[in-house]
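Trainee: Structure supplied as coords-v1.txt; contents: compact mmCIF, C-alpha atoms.
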```txt
# COMPACT_ATOMS: atom_id res chain seq x y z
CA GLY A 1 110.47 260.81 217.14
CA GLN A 2 109.10 261.90 220.49
CA GLN A 3 108.66 265.68 220.44
CA VAL A 4 107.65 265.91 224.07
CA MET A 5 110.22 264.44 226.42
CA GLN A 6 109.65 263.53 230.04
CA ILE A 7 112.19 262.83 232.75
CA PRO A 8 112.69 260.78 234.72
CA GLN A 9 111.15 257.70 233.16
CA TYR A 10 110.91 256.04 236.58
CA GLN A 11 110.71 257.58 240.03
CA HIS A 12 110.96 255.55 243.22
CA VAL A 13 109.86 257.64 246.18
CA GLN A 14 109.68 256.99 249.89
CA GLU A 15 106.29 257.84 251.33
CA GLY A 16 106.38 261.37 252.68
CA GLU A 17 109.11 262.59 250.34
CA ASP A 18 108.76 265.15 247.56
CA PHE A 19 109.57 264.64 243.89
CA THR A 20 109.41 266.47 240.60
CA THR A 21 108.85 265.26 237.05
CA TYR A 22 109.81 267.35 234.07
CA CYS A 23 108.44 267.78 230.60
CA ASN A 24 110.32 269.38 227.69
CA SER A 25 109.20 270.16 224.17
CA SER A 26 111.33 270.79 221.10
CA THR A 27 108.86 273.45 219.96
CA THR A 28 106.68 276.06 221.61
CA LEU A 29 103.43 274.76 223.03
CA SER A 30 100.00 276.36 222.96
CA ASN A 31 99.11 274.54 226.15
CA ILE A 32 100.30 271.76 228.43
CA GLN A 33 98.10 269.20 230.08
CA TRP A 34 98.91 266.62 232.74
CA TYR A 35 97.30 263.22 233.11
CA LYS A 36 97.60 260.41 235.62
CA GLN A 37 97.21 256.76 234.73
CA ARG A 38 96.86 254.24 237.51
CA PRO A 39 98.10 250.69 236.85
CA GLY A 40 95.56 248.93 234.66
CA GLY A 41 93.59 252.10 234.16
CA HIS A 42 93.25 254.84 231.60
CA PRO A 43 94.68 258.38 231.67
CA VAL A 44 92.73 260.84 233.78
CA PHE A 45 93.02 264.59 233.25
CA LEU A 46 94.65 266.52 236.08
CA ILE A 47 95.15 270.06 234.85
CA GLN A 48 95.82 272.35 231.90
CA LEU A 49 98.21 275.31 231.76
CA VAL A 50 97.99 277.88 229.00
CA LYS A 51 99.84 281.03 230.04
CA SER A 52 103.59 281.57 230.06
CA GLY A 53 104.96 281.14 233.58
CA GLU A 54 101.65 279.87 234.88
CA VAL A 55 101.62 278.01 238.19
CA LYS A 56 98.65 276.01 239.46
CA LYS A 57 98.22 273.99 242.61
CA GLN A 58 95.99 271.07 243.45
CA LYS A 59 96.44 270.13 247.09
CA ARG A 60 99.91 268.51 247.18
CA LEU A 61 100.48 268.88 243.42
CA THR A 62 102.08 271.98 241.90
CA PHE A 63 102.16 272.42 238.12
CA GLN A 64 104.28 274.96 236.30
CA PHE A 65 104.50 276.10 232.68
CA GLY A 66 107.81 277.60 231.60
CA GLU A 67 108.25 281.19 230.49
CA ALA A 68 109.12 280.09 226.96
CA LYS A 69 106.19 277.65 226.91
CA LYS A 70 108.53 274.79 226.05
CA ASN A 71 108.72 273.07 229.39
CA SER A 72 106.61 272.15 232.36
CA SER A 73 106.98 270.46 235.71
CA LEU A 74 104.86 268.61 238.22
CA HIS A 75 105.97 268.69 241.83
CA ILE A 76 104.35 266.43 244.42
CA THR A 77 104.96 267.06 248.10
CA ALA A 78 104.60 264.53 250.92
CA THR A 79 104.06 261.62 248.54
CA GLN A 80 101.37 259.13 249.48
CA THR A 81 100.73 255.58 248.27
CA THR A 82 97.72 256.93 246.37
CA ASP A 83 100.15 258.86 244.15
CA VAL A 84 101.30 255.62 242.51
CA GLY A 85 100.83 255.65 238.74
CA THR A 86 102.25 257.08 235.56
CA TYR A 87 102.10 260.82 235.03
CA PHE A 88 101.96 262.09 231.48
CA CYS A 89 102.36 265.56 230.14
CA ALA A 90 100.76 266.39 226.82
CA GLY A 91 100.86 269.52 224.72
CA THR A 92 99.67 271.05 221.50
CA MET A 93 102.46 272.44 219.36
CA THR A 94 101.86 275.98 218.14
CA THR A 95 102.50 274.62 214.64
CA ASP A 96 99.63 272.14 215.01
CA SER A 97 95.92 272.80 215.08
CA TRP A 98 93.96 272.46 218.27
CA GLY A 99 93.13 268.84 218.95
CA LYS A 100 96.49 267.27 218.17
CA LEU A 101 97.89 266.42 221.57
CA GLN A 102 101.48 265.13 221.81
CA PHE A 103 102.11 263.00 224.87
CA GLY A 104 105.37 262.45 226.64
CA ALA A 105 106.42 258.89 227.46
CA GLY A 106 105.40 259.38 231.08
CA THR A 107 107.02 259.14 234.50
CA GLN A 108 106.17 255.94 236.32
CA VAL A 109 105.99 256.60 240.05
CA VAL A 110 106.43 253.88 242.64
CA VAL A 111 105.90 254.76 246.30
CA THR A 112 107.52 252.78 249.07
CA PRO A 113 105.65 252.86 252.39
CA LYS B 1 76.67 261.45 232.37
CA ALA B 2 78.05 258.22 230.92
CA GLY B 3 81.75 258.08 230.20
CA VAL B 4 83.58 257.15 227.02
CA THR B 5 82.95 253.56 226.04
CA GLN B 6 85.05 251.37 223.81
CA THR B 7 84.29 248.01 222.29
CA PRO B 8 85.55 245.40 222.30
CA ARG B 9 87.71 245.55 225.41
CA TYR B 10 89.96 242.70 224.34
CA LEU B 11 90.77 241.31 220.94
CA ILE B 12 93.12 238.67 219.58
CA LYS B 13 93.87 238.69 215.88
CA THR B 14 96.30 236.98 213.53
CA ARG B 15 98.91 238.72 211.39
CA GLY B 16 97.45 239.86 208.10
CA GLN B 17 93.91 240.22 209.38
CA GLN B 18 92.10 243.49 209.84
CA VAL B 19 90.33 244.87 212.87
CA THR B 20 87.75 247.54 213.65
CA LEU B 21 87.52 249.21 217.04
CA SER B 22 84.62 251.33 218.21
CA CYS B 23 84.37 254.36 220.48
CA SER B 24 81.32 256.16 221.83
CA PRO B 25 82.19 259.60 223.23
CA ILE B 26 80.58 261.39 226.13
CA SER B 27 77.24 262.87 225.11
CA GLY B 28 77.78 266.33 223.65
CA HIS B 29 81.46 265.82 222.89
CA ARG B 30 82.19 266.31 219.22
CA SER B 31 85.92 265.67 219.12
CA VAL B 32 87.25 262.13 219.26
CA SER B 33 90.94 261.25 219.32
CA TRP B 34 92.64 257.88 219.06
CA TYR B 35 95.93 256.86 220.66
CA GLN B 36 98.14 253.80 220.61
CA GLN B 37 99.77 252.96 223.92
CA THR B 38 102.68 250.55 224.18
CA PRO B 39 105.08 250.00 227.11
CA GLY B 40 107.83 252.58 227.11
CA GLN B 41 106.34 254.58 224.22
CA GLY B 42 103.62 256.39 226.06
CA LEU B 43 100.63 257.45 224.06
CA GLN B 44 101.14 257.92 220.35
CA PHE B 45 98.59 260.13 218.62
CA LEU B 46 96.81 258.39 215.75
CA PHE B 47 94.17 260.86 214.60
CA GLU B 48 91.46 263.21 215.73
CA TYR B 49 87.98 263.58 214.28
CA PHE B 50 85.60 266.45 214.59
CA SER B 51 82.21 266.73 212.89
CA GLU B 52 82.87 263.59 210.82
CA THR B 53 86.12 265.04 209.45
CA GLN B 54 89.65 264.00 210.24
CA ARG B 55 91.14 267.19 211.59
CA ASN B 56 94.53 265.95 212.76
CA LYS B 57 96.69 262.97 211.93
CA GLY B 58 99.72 261.41 213.58
CA ASN B 59 102.65 259.62 211.99
CA PHE B 60 101.16 256.20 211.43
CA PRO B 61 101.08 254.22 208.17
CA GLY B 62 98.02 254.22 205.96
CA ARG B 63 96.99 250.84 207.38
CA PHE B 64 95.52 252.83 210.24
CA SER B 65 92.34 254.64 209.36
CA GLY B 66 89.27 255.94 211.08
CA ARG B 67 85.97 257.64 210.68
CA GLN B 68 83.38 259.47 212.68
CA PHE B 69 79.64 259.25 212.34
CA SER B 70 77.02 261.98 212.63
CA ASN B 71 76.33 260.99 216.25
CA SER B 72 80.07 261.53 217.01
CA ARG B 73 80.71 257.82 217.49
CA SER B 74 84.01 256.83 215.95
CA GLU B 75 85.67 253.73 214.60
CA MET B 76 89.26 252.99 213.79
CA ASN B 77 90.41 250.28 211.44
CA VAL B 78 93.76 248.59 211.13
CA SER B 79 94.33 246.52 208.02
CA THR B 80 97.00 243.89 207.38
CA LEU B 81 97.84 243.55 211.06
CA GLU B 82 101.46 243.21 212.13
CA LEU B 83 102.86 241.86 215.39
CA GLY B 84 103.96 245.39 216.29
CA ASP B 85 100.35 246.55 216.26
CA SER B 86 99.77 244.79 219.56
CA ALA B 87 98.91 247.59 221.96
CA LEU B 88 96.25 249.27 224.02
CA TYR B 89 94.18 251.52 221.79
CA LEU B 90 92.65 254.42 223.64
CA CYS B 91 89.90 256.71 222.52
CA ALA B 92 89.34 260.11 224.08
CA SER B 93 86.61 262.67 223.63
CA SER B 94 86.57 266.37 224.35
CA GLN B 95 84.34 269.38 224.03
CA VAL B 96 85.60 271.71 221.37
CA GLY B 97 85.93 275.25 222.59
CA GLU B 98 86.26 274.24 226.21
CA ARG B 99 89.49 273.62 228.09
CA GLY B 100 90.31 270.82 225.71
CA GLU B 101 90.73 268.27 228.44
CA GLN B 102 90.35 264.78 227.11
CA TYR B 103 88.23 262.07 228.67
CA PHE B 104 89.60 258.64 227.97
CA GLY B 105 87.80 255.39 227.53
CA PRO B 106 89.04 252.12 229.08
CA GLY B 107 90.76 251.13 225.86
CA THR B 108 90.81 248.07 223.63
CA ARG B 109 93.66 245.65 224.24
CA LEU B 110 94.68 244.25 220.84
CA THR B 111 96.97 241.26 220.63
CA VAL B 112 98.30 240.20 217.25
CA THR B 113 99.70 236.68 217.01
```
When written as structure tokens, how does the structure in this file appear?

Mentor:
Amino acid sequence: GQQVMQIPQYQHVQEGEDFTTYCNSSTTLSNIQWYKQRPGGHPVFLIQLVKSGEVKKQKRLTFQFGEAKKNSSLHITATQTTDVGTYFCAGTMTTDSWGKLQFGAGTQVVVTP
Amino acid sequence: KAGVTQTPRYLIKTRGQQVTLSCSPISGHRSVSWYQQTPGQGLQFLFEYFSETQRNKGNFPGRFSGRQFSNSRSEMNVSTLELGDSALYLCASSQVGERGEQYFGPGTRLTVT
């Protein structure tokens, strides 16, 4: 079954509002990556976190890796229509070798103007 | 630098047939991974190849196989197609030893009738 879980599955957001999507793993992760897939497109890499408790920001996006390296979150502030898409987290289990990336099912984000 | 290319982009096959999909990674990338994407399931890891060797494998039946050539180009093969194999098949390449971020191709949309 899915080892990397993402919630929520769907997120309807009013333009200008903030939202957060969460990613949880059943086992410790070596790293966590986040991707964005626009409708009809392919996943595009956003960021990678490696260290416990790491926080990284990209403009309105804030990414966090949990202290236990089992969970992560993506927080978007002041949502814009360009944020529409599906956001995936993906991680490498510490029990797996580098190169085996487990993806969550994604959070599909719909923005209402 | 050219991106990841996949051929064909669309394919319609009949149950019981076999299919071969092709992926050309970004120049200099030696790792190629394959994913199956279906609605609601996210991206399911199929396998990863590095230096012509399968380094990682997901939980798919033996009908799914792949290979990588000396120029890092990769192919995946699905034999005895089933209706449930209908999906978007994505290929991604990455530079080993770097951040590990994956660059995805546009995918091959396979429909099995």

Trainee: If we count only C-alpha atoms and set the cut-off at 12 Å, which residues sit around Gln58 (chain A), ignoring sequence neighbours fewer than 5 positions away in its own chain? Please answer as an MDAnalysis selection string.

Mentor: chainID A and resid 34 46:48 63:64 74:77

Trainee: Looking at only C-alpha atoms, which of A:Tyr35, A:Phe88, A:Pro113, A:Asn24 is the one that sits closest to Gln3 (chain A)?

Mentor: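 Distance minimum relative to Gln3 (chain A) lands on A:Asn24.
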
Trainee: Go through A:Gly66, A:Val4, A:Gln33, A:Glu15 and flag the residue nearest Gly104 (chain A), using all atoms listed in the file for the distances.

Mentor: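 For Gly104 (chain A), the nearest of the given residues is A:Val4.
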
Trainee: Nearest residue to Leu21 (chain B) out of B:Lys1, B:Gln68, B:Asn77, B:Pro61, using all atoms listed in the file?

Mentor: B:Asn77

Trainee: Taking all atoms listed in the file into account, name the residue in B:Thr7, B:Asn59, B:Ser93, B:Gln37 that is nearest to Met76 (chain B).

Mentor: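 Checking each candidate against Met76 (chain B), we get B:Thr7 as the closest.
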
Trainee: How far is it from CA of Trp34 (chain B) to CA of Tyr10 (chain A), in Å with one decimal?

Mentor: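 Separation between CA of Trp34 (chain B) and CA of Tyr10 (chain A): 25.4 Å.
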
Trainee: Could you produce a table of the residues of chain A lying within 10 Å of chain B, with the nearest pair of atoms per residue and their separation in Å rounded to one decimal, using only C-alpha atoms, ordered by chain and increasing residue number, as CSV?

Mentor:
```
residue,atom,partner,partner_atom,distance
A:Gly1,CA,B:Asn59,CA,9.4
A:Gln2,CA,B:Gln41,CA,8.7
A:Gln9,CA,B:Gly40,CA,8.6
A:Asn31,CA,B:Gly100,CA,9.6
A:Gln33,CA,B:Glu101,CA,7.6
A:Trp34,CA,B:Glu101,CA,9.4
A:Tyr35,CA,B:Gln102,CA,9.3
A:Gly40,CA,B:Pro106,CA,9.2
A:Gly41,CA,B:Pro106,CA,6.8
A:His42,CA,B:Pro106,CA,5.6
A:Pro43,CA,B:Phe104,CA,6.3
A:Val44,CA,B:Tyr103,CA,6.9
A:Phe45,CA,B:Glu101,CA,6.5
A:Leu46,CA,B:Glu101,CA,8.8
A:Ile47,CA,B:Glu101,CA,8.0
A:Gln48,CA,B:Glu101,CA,7.4
A:Leu49,CA,B:Arg99,CA,9.6
A:Val50,CA,B:Arg99,CA,9.6
A:Thr86,CA,B:Gly42,CA,9.6
A:Phe88,CA,B:Gly42,CA,8.0
A:Ala90,CA,B:Leu43,CA,9.4
A:Asp96,CA,B:Asn56,CA,8.3
A:Ser97,CA,B:Asn56,CA,7.4
A:Trp98,CA,B:Gly100,CA,8.4
A:Gly99,CA,B:Glu48,CA,6.7
A:Lys100,CA,B:Asn56,CA,5.9
A:Leu101,CA,B:Phe45,CA,7.0
A:Gln102,CA,B:Phe45,CA,6.6
A:Phe103,CA,B:Leu43,CA,5.8
A:Gly104,CA,B:Gly42,CA,6.3
A:Ala105,CA,B:Gly42,CA,4.0
A:Gly106,CA,B:Gly42,CA,6.1
A:Thr107,CA,B:Gly42,CA,9.5
A:Gln108,CA,B:Gly40,CA,9.9
```
